[in-house]
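What's in my_file-v4.pdb: PDB, C-alpha atoms and all ligand atoms
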ATOM      1  CA  MET A1070     104.366 112.646 132.484  1.00  0.00           C
ATOM      2  CA  ALA A1071     107.772 114.256 132.764  1.00  0.00           C
ATOM      3  CA  LYS A1072     107.947 117.983 132.419  1.00  0.00           C
ATOM      4  CA  SER A1073     109.622 119.362 129.360  1.00  0.00           C
ATOM      5  CA  LEU A1074     112.884 121.226 129.803  1.00  0.00           C
ATOM      6  CA  VAL A1075     111.200 124.469 128.764  1.00  0.00           C
ATOM      7  CA  GLU A1076     108.541 124.042 131.429  1.00  0.00           C
ATOM      8  CA  MET A1077     111.152 123.255 134.044  1.00  0.00           C
ATOM      9  CA  ALA A1078     113.289 126.224 133.047  1.00  0.00           C
ATOM     10  CA  ALA A1079     110.258 128.523 133.082  1.00  0.00           C
ATOM     11  CA  GLU A1080     109.316 127.338 136.572  1.00  0.00           C
ATOM     12  CA  ILE A1081     112.811 127.883 137.886  1.00  0.00           C
ATOM     13  CA  ILE A1082     112.972 131.376 136.445  1.00  0.00           C
ATOM     14  CA  ALA A1083     109.450 132.202 137.634  1.00  0.00           C
ATOM     15  CA  ALA A1084     110.496 131.180 141.138  1.00  0.00           C
ATOM     16  CA  GLN A1085     113.597 133.343 140.880  1.00  0.00           C
ATOM     17  CA  ALA A1086     111.672 136.304 139.464  1.00  0.00           C
ATOM     18  CA  SER A1087     109.189 136.131 142.309  1.00  0.00           C
ATOM     19  CA  GLN A1088     111.983 136.312 144.857  1.00  0.00           C
ATOM     20  CA  SER A1089     114.034 139.059 143.285  1.00  0.00           C
ATOM     21  CA  ARG A1090     113.186 141.755 140.836  1.00  0.00           C
ATOM     22  CA  MET A1091     114.346 140.757 137.410  1.00  0.00           C
ATOM     23  CA  THR A1092     114.273 142.815 134.256  1.00  0.00           C
ATOM     24  CA  PRO A1093     112.711 141.175 131.191  1.00  0.00           C
ATOM     25  CA  ASP A1094     116.208 140.870 129.770  1.00  0.00           C
ATOM     26  CA  GLU A1095     117.438 139.092 132.891  1.00  0.00           C
ATOM     27  CA  ILE A1096     114.488 136.757 132.761  1.00  0.00           C
ATOM     28  CA  THR A1097     115.148 135.924 129.094  1.00  0.00           C
ATOM     29  CA  GLU A1098     118.832 135.384 129.757  1.00  0.00           C
ATOM     30  CA  GLY A1099     118.133 133.369 132.868  1.00  0.00           C
ATOM     31  CA  LEU A1100     115.603 131.260 131.042  1.00  0.00           C
ATOM     32  CA  GLN A1101     118.073 130.524 128.267  1.00  0.00           C
ATOM     33  CA  LYS A1102     120.899 129.681 130.646  1.00  0.00           C
ATOM     34  CA  THR A1103     118.685 127.504 132.800  1.00  0.00           C
ATOM     35  CA  TYR A1104     117.348 125.728 129.747  1.00  0.00           C
ATOM     36  CA  GLU A1105     120.868 125.073 128.474  1.00  0.00           C
ATOM     37  CA  ALA A1106     121.970 123.837 131.867  1.00  0.00           C
ATOM     38  CA  LEU A1107     118.991 121.480 132.049  1.00  0.00           C
ATOM     39  CA  GLN A1108     119.757 120.250 128.563  1.00  0.00           C
ATOM     40  CA  ARG A1109     123.338 119.493 129.561  1.00  0.00           C
ATOM     41  CA  ILE A1110     122.201 117.628 132.631  1.00  0.00           C
ATOM     42  CA  GLN A1111     119.632 115.647 130.681  1.00  0.00           C
ATOM     43  CA  GLY A1112     122.181 114.836 127.987  1.00  0.00           C
ATOM     44  CA  ARG A1113     124.509 113.538 130.625  1.00  0.00           C
ATOM     45  CA  GLU A1114     121.770 111.352 132.066  1.00  0.00           C
ATOM     46  CA  GLU A1115     120.625 109.908 128.778  1.00  0.00           C
ATOM     47  CA  GLY A1116     123.834 109.773 126.833  1.00  0.00           C
ATOM     48  CA  ALA A1117     126.014 108.870 129.755  1.00  0.00           C
ATOM     49  CA  PRO A1118     128.751 106.591 128.529  1.00  0.00           C
ATOM     50  CA  GLU A1119     128.674 103.122 129.962  1.00  0.00           C
ATOM     51  CA  PRO A1120     130.933 102.721 132.931  1.00  0.00           C
ATOM     52  CA  VAL A1121     134.353 101.583 131.853  1.00  0.00           C
ATOM     53  CA  THR A1122     134.134  98.436 133.890  1.00  0.00           C
ATOM     54  CA  GLU A1123     134.713  95.250 132.021  1.00  0.00           C
ATOM     55  CA  LYS A1124     132.189  94.514 129.355  1.00  0.00           C
ATOM     56  CA  ILE A1125     130.113  91.528 130.293  1.00  0.00           C
ATOM     57  CA  SER A1126     130.153  89.149 127.423  1.00  0.00           C
ATOM     58  CA  LYS A1127     126.845  88.207 125.876  1.00  0.00           C
ATOM     59  CA  THR A1128     128.339  85.006 124.608  1.00  0.00           C
ATOM     60  CA  ALA A1129     128.318  82.015 126.896  1.00  0.00           C
ATOM     61  CA  PRO A1130     131.757  80.433 127.193  1.00  0.00           C
ATOM     62  CA  SER A1131     130.315  77.131 126.017  1.00  0.00           C
ATOM     63  CA  ALA A1132     128.952  78.811 122.889  1.00  0.00           C
ATOM     64  CA  SER A1133     132.068  80.795 122.136  1.00  0.00           C
ATOM     65  CA  ILE A1134     133.817  78.006 120.297  1.00  0.00           C
ATOM     66  CA  GLN A1135     131.863  77.328 117.157  1.00  0.00           C
ATOM     67  CA  ARG A1136     132.422  75.327 114.023  1.00  0.00           C
ATOM     68  CA  ASN A1137     133.947  78.034 111.912  1.00  0.00           C
ATOM     69  CA  LYS A1138     134.889  80.621 114.482  1.00  0.00           C
ATOM     70  CA  ILE A1139     135.807  81.286 118.049  1.00  0.00           C
ATOM     71  CA  ILE A1140     134.378  84.337 119.759  1.00  0.00           C
ATOM     72  CA  CYS A1141     136.710  86.124 122.115  1.00  0.00           C
ATOM     73  CA  LEU A1142     134.827  86.446 125.401  1.00  0.00           C
ATOM     74  CA  GLY A1143     136.802  89.539 126.212  1.00  0.00           C
ATOM     75  CA  CYS A1144     135.724  91.642 123.254  1.00  0.00           C
ATOM     76  CA  GLU A1145     133.180  89.599 121.260  1.00  0.00           C
ATOM     77  CA  ARG A1146     135.365  89.614 118.187  1.00  0.00           C
ATOM     78  CA  GLU A1147     135.439  86.546 115.989  1.00  0.00           C
ATOM     79  CA  PHE A1148     138.538  84.617 115.110  1.00  0.00           C
ATOM     80  CA  LYS A1149     139.582  81.366 113.530  1.00  0.00           C
ATOM     81  CA  GLN A1150     141.928  81.020 116.414  1.00  0.00           C
ATOM     82  CA  LEU A1151     142.462  83.021 119.579  1.00  0.00           C
ATOM     83  CA  SER A1152     146.088  83.943 119.443  1.00  0.00           C
ATOM     84  CA  LYS A1153     148.305  84.468 122.453  1.00  0.00           C
ATOM     85  CA  ARG A1154     148.939  87.927 121.125  1.00  0.00           C
ATOM     86  CA  HIS A1155     145.256  88.799 121.100  1.00  0.00           C
ATOM     87  CA  LEU A1156     144.743  87.386 124.580  1.00  0.00           C
ATOM     88  CA  ALA A1157     147.691  89.446 125.753  1.00  0.00           C
ATOM     89  CA  SER A1158     145.750  92.543 124.671  1.00  0.00           C
ATOM     90  CA  HIS A1159     143.267  91.600 127.389  1.00  0.00           C
ATOM     91  CA  GLY A1160     146.089  90.925 129.820  1.00  0.00           C
ATOM     92  CA  LEU A1161     145.436  87.192 129.587  1.00  0.00           C
ATOM     93  CA  THR A1162     147.285  84.068 128.595  1.00  0.00           C
ATOM     94  CA  PRO A1163     145.484  81.081 127.023  1.00  0.00           C
ATOM     95  CA  ARG A1164     145.524  79.484 130.454  1.00  0.00           C
ATOM     96  CA  SER A1165     144.185  82.436 132.407  1.00  0.00           C
ATOM     97  CA  TYR A1166     141.626  83.049 129.672  1.00  0.00           C
ATOM     98  CA  LYS A1167     140.285  79.537 130.096  1.00  0.00           C
ATOM     99  CA  GLU A1168     140.349  79.817 133.862  1.00  0.00           C
ATOM    100  CA  LYS A1169     138.576  83.142 133.780  1.00  0.00           C
ATOM    101  CA  TYR A1170     135.719  81.896 131.612  1.00  0.00           C
ATOM    102  CA  GLY A1171     135.573  78.362 132.912  1.00  0.00           C
ATOM    103  CA  ILE A1172     136.741  76.716 129.714  1.00  0.00           C
ATOM    104  CA  PRO A1173     138.377  73.332 130.226  1.00  0.00           C
ATOM    105  CA  LEU A1174     142.144  73.695 129.979  1.00  0.00           C
ATOM    106  CA  ALA A1175     142.344  70.932 127.378  1.00  0.00           C
ATOM    107  CA  THR A1176     140.103  72.870 125.002  1.00  0.00           C
ATOM    108  CA  ALA A1177     141.866  74.353 122.006  1.00  0.00           C
ATOM    109  CA  LEU A1178     141.129  78.020 121.477  1.00  0.00           C
ATOM    110  CA  THR A1179     140.422  77.528 117.814  1.00  0.00           C
ATOM    111  CA  ALA A1180     137.339  77.128 115.665  1.00  0.00           C
ATOM    112  CA  LYS A1181     136.089  73.558 115.854  1.00  0.00           C
ATOM    113  CA  SER A1182     136.624  72.931 112.147  1.00  0.00           C
ATOM    114  CA  LEU A1183     140.196  74.113 112.506  1.00  0.00           C
ATOM    115  CA  SER A1184     140.988  71.948 115.506  1.00  0.00           C
ATOM    116  CA  ALA A1185     139.334  68.979 113.793  1.00  0.00           C
ATOM    117  CA  LYS A1186     141.538  69.554 110.778  1.00  0.00           C
ATOM    118  CA  ARG A1187     144.598  69.748 112.995  1.00  0.00           C
ATOM    119  CA  ARG A1188     143.624  66.549 114.751  1.00  0.00           C
ATOM    120  CA  ARG A1189     143.224  64.831 111.393  1.00  0.00           C
ATOM    121  CA  ILE A1190     146.611  66.052 110.224  1.00  0.00           C
ATOM    122  CA  ALA A1191     148.181  64.942 113.479  1.00  0.00           C
ATOM    123  CA  LYS A1192     146.523  61.570 113.163  1.00  0.00           C
ATOM    124  CA  GLU A1193     147.670  61.154 109.584  1.00  0.00           C
ATOM    125  CA  ARG A1194     151.157  62.146 110.569  1.00  0.00           C
ATOM    126  CA  GLY A1195     151.082  59.691 113.445  1.00  0.00           C
ATOM    127  CA  LEU A1196     149.800  57.018 111.117  1.00  0.00           C
ATOM    128  CA  GLY A1197     152.577  57.789 108.678  1.00  0.00           C
ATOM    129  CA  GLU A1198     155.150  57.420 111.422  1.00  0.00           C
ATOM    130  CA  LYS A1199     153.704  54.115 112.509  1.00  0.00           C
ATOM    131  CA  LEU A1200     153.796  52.883 108.933  1.00  0.00           C
ATOM    132  CA  ALA A1201     157.394  53.977 108.616  1.00  0.00           C
ATOM    133  CA  GLN A1202     158.277  52.194 111.851  1.00  0.00           C
ATOM    134  CA  ALA A1203     156.449  49.078 110.750  1.00  0.00           C
ATOM    135  CA  ARG A1204     158.350  49.169 107.476  1.00  0.00           C
ATOM    136  CA  LYS A1205     161.651  49.512 109.323  1.00  0.00           C
ATOM    137  CA  LYS A1206     160.796  46.567 111.546  1.00  0.00           C
ATOM    138  CA  ARG A1207     159.960  44.497 108.528  1.00  0.00           C
ATOM    139  CA  LEU A1208     163.224  45.462 106.917  1.00  0.00           C
ATOM    140  CA  ARG A1209     165.130  44.464 110.031  1.00  0.00           C
ATOM    141  CA  LYS A1210     163.406  41.111 110.151  1.00  0.00           C
ATOM    142  CA  LYS A1211     164.485  40.287 106.615  1.00  0.00           C
TER     143      LYS A1211
HETATM  144 ZN    ZN B1301     139.338  89.824 122.558  1.00  0.00          ZN
END
Here is the file; what I need is its structure written in the form of structure tokens.
Amino acid sequence: MAKSLVEMAAEIIAAQASQSRMTPDEITEGLQKTYEALQRIQGREEGAPEPVTEKISKTAPSASIQRNKIICLGCEREFKQLSKRHLASHGLTPRSYKEKYGIPLATALTAKSLSAKRRRIAKERGLGEKLAQARKKRLRKK
């Protein structure tokens, strides 16, 4: 089992006291300082902030685009649509984002429901145009 900080501090001071003559006050002060120093070191070990290297995303690229949301693989935030502006905050463009995470370039960076809706609108619009063209043709034939 690991020694407690108090035990460690006491050992350090005992070792020092055996080498040099220390007054009880010096021992108390030394003990306190050593204990504080050990506490600082331990705090640094345990509470050490994560290295500021890039956060590795927990989300698989293939799972990042979901029905009602898209998860940004750079920061794990959820969006309806990954905007160019947001990607720029990671220093990426839609293209480099896809390349970086291995997402096919043809994939829309939007929630699936949103891209489906867009496709439907586009289809309806296309259908409307075809109808209009067909009507024109018919008119010309008359
Ligand atoms: Zn992000």
**Message:** Residue by residue, what does the PyMOL selection byres (((chain A and resi 1156) around 12) and not hetatm) grab here? Present the result as a list in words.
**Reply:** Ile1140, Cys1141, Leu1142, Gly1143, Cys1144, Arg1146, Phe1148, Gln1150, Leu1151, Ser1152, Lys1153, Arg1154, His1155, Ala1157, Ser1158, His1159, Gly1160, Leu1161, Thr1162, Pro1163, Arg1164, Ser1165, Tyr1166, Lys1167, Lys1169 and Leu1178 of chain A
Write the selection just made, keeping C-alpha atoms, as a short mmCIF file (atom, residue, chain, number, x, y, z; two decimals), keeping the file's coordinate frame?
data_model
loop_
_atom_site.label_atom_id
_atom_site.label_comp_id
_atom_site.auth_asym_id
_atom_site.auth_seq_id
_atom_site.Cartn_x
_atom_site.Cartn_y
_atom_site.Cartn_z
CA ILE A 1140 134.38 84.34 119.76
CA CYS A 1141 136.71 86.12 122.12
CA LEU A 1142 134.83 86.45 125.40
CA GLY A 1143 136.80 89.54 126.21
CA CYS A 1144 135.72 91.64 123.25
CA ARG A 1146 135.36 89.61 118.19
CA PHE A 1148 138.54 84.62 115.11
CA GLN A 1150 141.93 81.02 116.41
CA LEU A 1151 142.46 83.02 119.58
CA SER A 1152 146.09 83.94 119.44
CA LYS A 1153 148.30 84.47 122.45
CA ARG A 1154 148.94 87.93 121.12
CA HIS A 1155 145.26 88.80 121.10
CA ALA A 1157 147.69 89.45 125.75
CA SER A 1158 145.75 92.54 124.67
CA HIS A 1159 143.27 91.60 127.39
CA GLY A 1160 146.09 90.92 129.82
CA LEU A 1161 145.44 87.19 129.59
CA THR A 1162 147.28 84.07 128.60
CA PRO A 1163 145.48 81.08 127.02
CA ARG A 1164 145.52 79.48 130.45
CA SER A 1165 144.18 82.44 132.41
CA TYR A 1166 141.63 83.05 129.67
CA LYS A 1167 140.28 79.54 130.10
CA LYS A 1169 138.58 83.14 133.78
CA LEU A 1178 141.13 78.02 121.48
#
Expected selection from the PyMOL selection byres (((chain A and resi 1135) around 10) and not hetatm), given as a PDB file with C-alpha atoms, keeping the file's coordinate frame:
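Writing done, so here's part30.pdb:
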ATOM      1  CA  SER A1131     130.315  77.131 126.017  1.00  0.00           C
ATOM      2  CA  ALA A1132     128.952  78.811 122.889  1.00  0.00           C
ATOM      3  CA  SER A1133     132.068  80.795 122.136  1.00  0.00           C
ATOM      4  CA  ILE A1134     133.817  78.006 120.297  1.00  0.00           C
ATOM      5  CA  ARG A1136     132.422  75.327 114.023  1.00  0.00           C
ATOM      6  CA  ASN A1137     133.947  78.034 111.912  1.00  0.00           C
ATOM      7  CA  LYS A1138     134.889  80.621 114.482  1.00  0.00           C
ATOM      8  CA  ILE A1139     135.807  81.286 118.049  1.00  0.00           C
ATOM      9  CA  ILE A1140     134.378  84.337 119.759  1.00  0.00           C
ATOM     10  CA  GLU A1147     135.439  86.546 115.989  1.00  0.00           C
ATOM     11  CA  LYS A1149     139.582  81.366 113.530  1.00  0.00           C
ATOM     12  CA  THR A1179     140.422  77.528 117.814  1.00  0.00           C
ATOM     13  CA  ALA A1180     137.339  77.128 115.665  1.00  0.00           C
ATOM     14  CA  LYS A1181     136.089  73.558 115.854  1.00  0.00           C
ATOM     15  CA  SER A1182     136.624  72.931 112.147  1.00  0.00           C
TER      16      SER A1182
END
**Request:** Please provide as a PyMOL selection string all residues within 9 Å of stretch 1074-1091 of chain A, with the sequence filter that same-chain residues fewer than 4 positions apart are discarded (counting all atoms listed in the file).
**Result:** chain A and resi 1095-1097+1099-1105+1107-1108+1111
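Using only C-alpha atoms and all ligand atoms, the shortest contact distance between ligand ZN 1301 (chain B) and any of A:Arg1113, A:Ala1185, A:Ala1106, A:Glu1145 is found at A:Glu1145.
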**Message:** Quick check, in Å to one decimal: how far apart do atom ZN of ligand ZN 1301 (chain B) and atom CA of A:Lys1186 lie?
**Reply:** 23.5 Å
Could you give me the centre and size, in Å to one decimal, of an axis-aligned box around all listed atoms of stretch 1191-1208 of chain A with 6 Å added on every side, as AutoDock Vina command-line options?
--center_x 154.9 --center_y 54.7 --center_z 110.2 --size_x 28.7 --size_y 32.4 --size_z 18.6
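Here atom CA of A:Ala1201 and atom CA of A:Arg1187 stand 20.8 Å from one another.
Picture a line from atom CA of A:Ala1129 to atom CA of A:Tyr1170; it runs 8.8 Å.
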